[in-house]
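The data block below is protein22.txt; it holds compact mmCIF, C-alpha atoms.
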# COMPACT_ATOMS: atom_id res chain seq x y z
CA MET X 1 -157.12 -38.49 101.62
CA TRP X 2 -160.07 -36.08 101.50
CA PHE X 3 -157.91 -33.28 100.10
CA LEU X 4 -156.76 -35.38 97.13
CA LYS X 5 -160.30 -36.62 96.50
CA SER X 6 -161.80 -33.13 96.54
CA SER X 7 -158.99 -31.79 94.35
CA THR X 8 -159.42 -34.51 91.74
CA GLU X 9 -163.19 -34.01 91.71
CA TRP X 10 -162.76 -30.24 91.27
CA LEU X 11 -160.26 -30.70 88.43
CA SER X 12 -162.45 -33.30 86.79
CA SER X 13 -165.49 -31.00 86.91
CA LEU X 14 -163.38 -28.11 85.62
CA PHE X 15 -162.13 -30.06 82.61
CA THR X 16 -165.34 -31.91 81.74
CA ASN X 17 -167.87 -29.09 82.24
CA LYS X 18 -169.21 -28.20 78.82
CA ASP X 19 -170.25 -24.74 79.97
CA ASN X 20 -166.70 -23.96 81.03
CA THR X 21 -165.35 -20.95 79.10
CA CYS X 22 -161.86 -20.80 80.65
CA CYS X 23 -160.34 -22.49 77.60
CA PRO X 24 -161.35 -23.30 73.99
CA SER X 25 -163.10 -26.58 73.22
CA PHE X 26 -159.98 -28.01 71.55
CA PHE X 27 -157.93 -27.63 74.71
CA ARG X 28 -160.83 -28.70 76.89
CA HIS X 29 -161.19 -32.00 75.01
CA ALA X 30 -157.43 -32.57 75.09
CA ILE X 31 -157.28 -31.85 78.82
CA ASP X 32 -160.31 -34.05 79.46
CA HIS X 33 -158.74 -36.96 77.59
CA ALA X 34 -155.40 -36.50 79.37
CA TRP X 35 -157.01 -36.18 82.79
CA LYS X 36 -158.85 -39.49 82.39
CA ARG X 37 -155.48 -41.11 81.76
CA GLU X 38 -153.64 -39.22 84.50
CA ARG X 39 -156.14 -39.69 87.33
CA PRO X 40 -155.58 -43.43 88.00
CA ILE X 41 -151.81 -42.94 87.81
CA LEU X 42 -152.04 -40.07 90.29
CA LYS X 43 -154.07 -42.20 92.70
CA ARG X 44 -151.38 -44.86 92.51
CA ASN X 45 -148.42 -42.50 92.99
CA TYR X 46 -149.75 -39.69 95.18
CA LYS X 47 -148.27 -41.04 98.41
CA MET X 48 -144.80 -41.21 96.92
CA LEU X 49 -145.18 -37.68 95.54
CA ILE X 50 -146.23 -36.35 98.94
CA TYR X 51 -143.22 -37.98 100.63
CA CYS X 52 -140.89 -36.52 97.99
CA MET X 53 -142.33 -33.04 98.47
CA LEU X 54 -141.98 -33.29 102.24
CA PHE X 55 -138.36 -34.34 101.76
CA GLN X 56 -137.66 -30.96 100.14
CA TRP X 57 -138.01 -29.37 103.56
CA VAL X 58 -135.65 -31.99 105.01
CA HIS X 59 -133.12 -31.11 102.32
CA ASN X 60 -133.44 -27.38 103.00
CA LEU X 61 -133.12 -28.00 106.72
CA SER X 62 -129.93 -30.01 106.18
CA THR X 63 -128.39 -27.30 103.98
CA ASN X 64 -129.15 -24.63 106.55
CA ILE X 65 -127.58 -26.71 109.30
CA ALA X 66 -124.48 -26.97 107.09
CA ARG X 67 -124.51 -23.19 106.67
CA PHE X 68 -124.85 -22.76 110.41
CA LEU X 69 -121.79 -24.95 111.03
CA HIS X 70 -119.82 -23.40 108.18
CA ILE X 71 -116.63 -21.53 109.13
CA PRO X 72 -115.79 -18.77 106.59
CA GLN X 73 -112.38 -19.28 105.00
CA PRO X 74 -110.57 -18.09 101.86
CA PRO X 75 -111.74 -19.87 98.67
CA LEU X 76 -109.82 -22.88 97.41
CA TYR X 77 -107.84 -22.95 94.18
CA ASP X 78 -110.07 -23.90 91.26
CA ILE X 79 -108.98 -24.32 87.66
CA GLY X 80 -112.35 -23.02 86.52
CA PHE X 81 -111.69 -19.73 88.28
CA VAL X 82 -108.38 -19.49 86.45
CA LEU X 83 -109.79 -20.24 82.99
CA LEU X 84 -113.10 -18.38 83.23
CA PRO X 85 -113.28 -14.63 83.90
CA THR X 86 -115.96 -13.23 86.17
CA LEU X 87 -119.27 -12.10 84.71
CA GLY X 88 -118.36 -8.46 84.22
CA GLU X 89 -116.62 -6.04 86.51
CA ASN X 90 -117.35 -6.89 90.14
CA ASN X 91 -119.47 -9.79 88.85
CA GLN X 92 -122.23 -7.37 87.83
CA TYR X 93 -123.82 -9.86 85.39
CA GLU X 94 -124.15 -12.61 87.96
CA TYR X 95 -127.93 -12.42 87.60
CA LEU X 96 -127.62 -14.07 84.16
CA CYS X 97 -127.14 -17.39 85.99
CA ASP X 98 -130.63 -17.03 87.43
CA VAL X 99 -132.02 -16.13 84.00
CA VAL X 100 -130.63 -19.29 82.39
CA PHE X 101 -131.77 -21.39 85.35
CA THR X 102 -135.30 -19.99 85.03
CA ILE X 103 -135.37 -20.79 81.31
CA CYS X 104 -134.41 -24.40 82.07
CA ILE X 105 -137.19 -24.74 84.64
CA VAL X 106 -139.81 -23.14 82.37
CA LEU X 107 -138.93 -25.43 79.44
CA THR X 108 -139.20 -28.48 81.69
CA VAL X 109 -142.58 -27.37 83.03
CA LEU X 110 -143.86 -26.90 79.47
CA VAL X 111 -142.79 -30.43 78.53
CA TRP X 112 -144.35 -31.72 81.76
CA LEU X 113 -147.70 -30.06 80.90
CA SER X 114 -147.63 -31.06 77.22
CA PRO X 115 -149.81 -34.20 77.67
CA PHE X 116 -152.66 -31.92 78.78
CA VAL X 117 -152.43 -29.78 75.66
CA VAL X 118 -151.08 -31.91 72.81
CA LYS X 119 -153.17 -34.89 71.76
CA ARG X 120 -151.66 -38.36 71.37
CA THR X 121 -148.33 -37.59 72.95
CA GLY X 122 -148.32 -41.01 74.61
CA GLN X 123 -146.79 -39.43 77.71
CA SER X 124 -148.02 -38.98 81.26
CA SER X 125 -147.40 -35.87 83.34
CA VAL X 126 -147.74 -37.87 86.56
CA VAL X 127 -145.17 -40.41 85.38
CA MET X 128 -142.77 -37.59 84.49
CA LEU X 129 -143.26 -35.93 87.86
CA SER X 130 -142.94 -39.22 89.75
CA ARG X 131 -139.65 -40.10 88.07
CA PHE X 132 -138.36 -36.54 88.48
CA MET X 133 -139.18 -36.40 92.19
CA ALA X 134 -137.90 -39.90 92.96
CA VAL X 135 -134.54 -39.24 91.28
CA LEU X 136 -134.38 -35.79 92.87
CA VAL X 137 -134.84 -37.19 96.38
CA SER X 138 -132.23 -39.89 95.76
CA ALA X 139 -129.72 -37.34 94.47
CA GLN X 140 -130.49 -34.95 97.34
CA SER X 141 -129.88 -37.75 99.84
CA LEU X 142 -126.44 -38.28 98.32
CA ARG X 143 -125.87 -34.53 98.35
CA ILE X 144 -126.66 -34.32 102.06
CA LEU X 145 -124.04 -37.01 102.73
CA THR X 146 -121.40 -35.03 100.80
CA PHE X 147 -121.68 -31.77 102.71
CA VAL X 148 -122.10 -33.56 106.04
CA MET X 149 -118.71 -35.21 105.48
CA THR X 150 -116.87 -32.24 103.91
CA ASP X 151 -117.23 -28.50 104.44
CA LEU X 152 -115.75 -26.44 101.62
CA PRO X 153 -115.15 -22.68 101.95
CA GLY X 154 -117.59 -20.75 99.81
CA PRO X 155 -116.06 -19.06 96.73
CA SER X 156 -118.83 -16.46 96.49
CA PRO X 157 -118.18 -13.02 98.02
CA ARG X 158 -121.52 -13.48 99.79
CA CYS X 159 -119.86 -16.12 101.96
CA ASN X 160 -117.64 -13.39 103.42
CA PRO X 161 -118.99 -12.18 106.80
CA ASP X 162 -118.23 -8.60 105.74
CA HIS X 163 -120.52 -8.83 102.70
CA GLN X 164 -123.85 -7.02 102.94
CA TRP X 165 -125.76 -10.12 101.75
CA TYR X 166 -124.06 -12.55 104.09
CA ASN X 167 -126.91 -14.66 105.50
CA GLN X 168 -125.47 -17.45 107.62
CA PRO X 169 -128.06 -18.71 110.16
CA LYS X 170 -127.13 -17.85 113.72
CA THR X 171 -129.83 -19.54 115.79
CA ALA X 172 -132.13 -22.55 115.61
CA VAL X 173 -134.99 -20.22 114.69
CA ASP X 174 -132.95 -18.89 111.76
CA ILE X 175 -132.31 -22.46 110.60
CA LEU X 176 -136.00 -23.37 110.68
CA TRP X 177 -137.07 -20.13 109.02
CA SER X 178 -134.40 -20.29 106.34
CA SER X 179 -135.44 -23.87 105.53
CA CYS X 180 -138.57 -22.47 103.90
CA VAL X 181 -136.64 -20.18 101.52
CA GLY X 182 -133.15 -21.70 101.66
CA PHE X 183 -133.19 -22.77 98.01
CA PHE X 184 -133.02 -19.16 96.87
CA ARG X 185 -129.85 -18.39 98.83
CA ILE X 186 -126.23 -18.69 97.85
CA GLY X 187 -124.83 -21.82 99.46
CA CYS X 188 -121.95 -21.64 101.90
CA GLY X 189 -120.75 -24.87 103.42
CA GLU X 190 -122.68 -27.28 101.18
CA LEU X 191 -120.77 -26.92 97.96
CA VAL X 192 -119.42 -30.40 97.23
CA PHE X 193 -122.48 -31.23 95.12
CA SER X 194 -124.23 -28.35 93.35
CA SER X 195 -127.96 -28.25 94.06
CA ARG X 196 -128.99 -26.08 91.12
CA MET X 197 -126.76 -27.94 88.68
CA MET X 198 -128.39 -31.13 89.94
CA LEU X 199 -131.80 -29.71 89.04
CA VAL X 200 -130.68 -28.52 85.61
CA VAL X 201 -129.16 -31.92 84.73
CA LEU X 202 -132.30 -33.66 85.98
CA CYS X 203 -134.44 -31.37 83.83
CA LEU X 204 -132.21 -32.24 80.88
CA LEU X 205 -132.80 -35.95 81.46
CA VAL X 206 -136.56 -35.37 81.58
CA ILE X 207 -136.41 -33.42 78.30
CA ALA X 208 -134.26 -36.11 76.66
CA LYS X 209 -136.59 -38.95 77.70
CA TYR X 210 -140.03 -37.39 77.35
CA GLY X 211 -139.50 -34.52 74.91
CA ARG X 212 -140.66 -35.10 71.34
CA ARG X 213 -138.21 -32.73 69.65
CA LYS X 214 -134.58 -33.67 69.19
CA MET X 215 -133.65 -30.03 68.64
CA LEU X 216 -135.13 -29.19 72.03
CA THR X 217 -132.86 -31.76 73.66
CA ILE X 218 -129.80 -30.40 71.85
CA PHE X 219 -130.73 -26.85 72.83
CA PHE X 220 -131.20 -27.89 76.44
CA ILE X 221 -127.80 -29.62 76.49
CA LEU X 222 -126.16 -26.41 75.32
CA LEU X 223 -128.18 -24.46 77.87
CA ALA X 224 -127.12 -26.79 80.70
CA VAL X 225 -123.45 -26.57 79.71
CA LEU X 226 -123.72 -22.79 79.50
CA TYR X 227 -125.31 -22.66 82.93
CA GLY X 228 -122.53 -24.73 84.49
CA LEU X 229 -119.86 -22.47 83.00
CA MET X 230 -121.70 -19.34 84.08
CA VAL X 231 -122.05 -20.58 87.66
CA ILE X 232 -118.30 -21.17 87.81
CA ALA X 233 -117.61 -17.76 86.24
CA ALA X 234 -119.91 -16.14 88.80
CA ARG X 235 -117.86 -17.84 91.55
CA ARG X 236 -121.00 -19.41 92.99
CA GLU X 237 -119.75 -23.00 92.81
CA TYR X 238 -116.48 -24.86 92.41
CA SER X 239 -115.81 -26.81 89.23
CA LEU X 240 -115.83 -29.93 91.41
CA SER X 241 -119.46 -29.45 92.47
CA ILE X 242 -120.57 -28.91 88.87
CA PHE X 243 -118.68 -31.98 87.67
CA ILE X 244 -120.12 -34.18 90.43
CA ALA X 245 -123.67 -33.13 89.53
CA TRP X 246 -123.06 -33.98 85.87
CA TYR X 247 -122.19 -37.61 86.55
CA VAL X 248 -124.06 -38.45 89.77
CA VAL X 249 -127.54 -37.41 88.58
CA PRO X 250 -127.42 -39.45 85.32
CA LEU X 251 -126.19 -42.48 87.27
CA VAL X 252 -129.09 -42.18 89.72
CA TRP X 253 -131.47 -41.70 86.78
CA VAL X 254 -130.25 -44.88 85.06
CA VAL X 255 -130.35 -46.96 88.26
CA TYR X 256 -133.87 -45.80 89.03
CA GLY X 257 -135.01 -46.48 85.47
CA ARG X 258 -133.61 -50.01 85.56
CA ASN X 259 -135.41 -50.85 88.80
CA PHE X 260 -138.61 -48.82 88.31
CA PRO X 261 -139.35 -48.57 84.56
CA ASP X 262 -142.37 -46.68 83.25
CA ASP X 263 -145.53 -48.61 82.41
CA SER X 264 -144.96 -47.85 78.72
CA GLU X 265 -141.62 -49.67 78.98
CA VAL X 266 -142.92 -52.61 81.03
CA LEU X 267 -145.90 -53.58 78.89
CA PRO X 268 -144.00 -54.06 75.57
CA ALA X 269 -141.37 -56.13 77.40
CA ARG X 270 -144.06 -58.33 78.90
CA GLN X 271 -145.77 -58.77 75.55
CA GLN X 272 -142.47 -59.74 73.92
CA ARG X 273 -141.71 -62.21 76.71
CA ASN X 274 -145.18 -63.74 76.45
CA SER X 275 -144.87 -64.12 72.68
CA ILE X 276 -141.52 -65.86 73.07
CA MET X 277 -142.97 -68.25 75.65
CA ALA X 278 -145.95 -68.98 73.38
CA GLU X 279 -143.72 -70.08 70.49
CA PRO X 280 -143.43 -73.87 70.09
Kindly transcribe the structure held in the file into structure tokens.
Amino acid sequence: MWFLKSSTEWLSSLFTNKDNTCCPSFFRHAIDHAWKRERPILKRNYKMLIYCMLFQWVHNLSTNIARFLHIPQPPLYDIGFVLLPTLGENNQYEYLCDVVFTICIVLTVLVWLSPFVVKRTGQSSVVMLSRFMAVLVSAQSLRILTFVMTDLPGPSPRCNPDHQWYNQPKTAVDILWSSCVGFFRIGCGELVFSSRMMLVVLCLLVIAKYGRRKMLTIFFILLAVLYGLMVIAARREYSLSIFIAWYVVPLVWVVYGRNFPDDSEVLPARQQRNSIMAEP
């Protein structure tokens, strides 16, 4: 594709140009070294990455169709709602859920970009992104099946038609338009499998596999648990949807890793197998 070719040439010239003053020489050399390693992997995986990115619109379209078909009803009984109080009076601290979610995303992006900054990490940003996107699409496909089969009443006050922020699509045009920004809306009708909790757990798995600091993984685990509890306390999701995300995403991650291991995991296994076969 001409766009990919021109983009890679522009990035290559940006990182290898000695007269470039956008970053110090230390970072320029590190980025140059990482880019030489990333470029062939990107050429091998770019089609899969494009398909995964296009699927995000399919996922948003499916969620908005579920919201269109959703019939507002009183929330179901949830033990999490009984045990956890709301985030302040009238849920005034609900925004803290978005703060914690943003921290999780930023930490994951920093780990994803670390091979371009830190020398000799032995990691690949394209491999991380490829695994992340492949597992994300698989989990989203399962998520679509869940809310197609079962429509749960939304526990959030925003799912009440009388609420000022009630945003259920009413026409086909609303569905198509909302599909571009549907991720940033409170879900109503697609709550069997939490979308944001799915992303947070997936980010945790990326940190645990590719992060170099054990303390970072422990911190992220605590952050993910805190986020799940805060979402329930904010009455955005049922405990069921949080629980399903916590066990479905790791299962998909493990299955994908068994069938499509990274190159760094394949080569040592091949070398070990060859050495065993070479023994008399």
What would the list of residues within 12 Å of (-112.4, -17.5, 80.9) (file frame) look like as an NGL selection string, if all atoms listed in the file are what count? :X and (79-88 or 229-230 or 232-235)
Within 12 Å of Val173 in chain X, counting only C-alpha atoms, which residues qualify if same-chain residues fewer than 3 places away don't, as number ranges by chain? X: 61, 64-65, 68, 169-170, 176-180
Would you mind reading off the distance between CA of Ser156 in chain X and CA of Asn90 in chain X, one decimal, in Å? 11.6 Å
Report as a PyMOL selection string all protein, DNA and RNA residues lying within 12 Å of Lys47 in chain X, evaluated on all atoms listed in the file, omitting residues in the same chain fewer than 5 positions from it. chain X and resi 1+4+41-42+52-54+130+133-134
Which distance in Å separates CA of Val201 in chain X and CA of Leu113 in chain X, to one decimal? 19.0 Å
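Proximity to Ala34 in chain X was assessed for X:Lys214, X:Ser195, X:Val58, X:Gln123 counting only C-alpha atoms; the smallest distance is recorded for X:Gln123.
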Measuring atom to atom with only C-alpha atoms, identify which of X:His33, X:Lys43, X:Arg196, X:Lys209 is nearest to Ile242 in chain X.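 For Ile242 in chain X, the nearest of the given residues is X:Arg196.
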For Asn60 in chain X, which residue out of X:Asp98, X:Glu38, X:Glu190, X:Asp151 is the nearest one, using only C-alpha atoms?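 Smallest separation from Asn60 in chain X among the options: X:Glu190.
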Take CA of Lys36 in chain X and CA of Val126 in chain X and report the distance between them in Å, one decimal.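 Distance between the two atoms: 12.0 Å.
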Quick one: residues within 10 Å of Leu110 in chain X, only C-alpha atoms, excluding same-chain residues fewer than 5 positions away - as a list in words? Ile105, Pro115, Val117, Ile207 and Gly211 of chain X
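Distance annotation: of X:Pro250, X:Pro157, X:Tyr210, X:Val225, the residue with the minimal separation from Ser114 in chain X is X:Tyr210; atom set is only C-alpha atoms.
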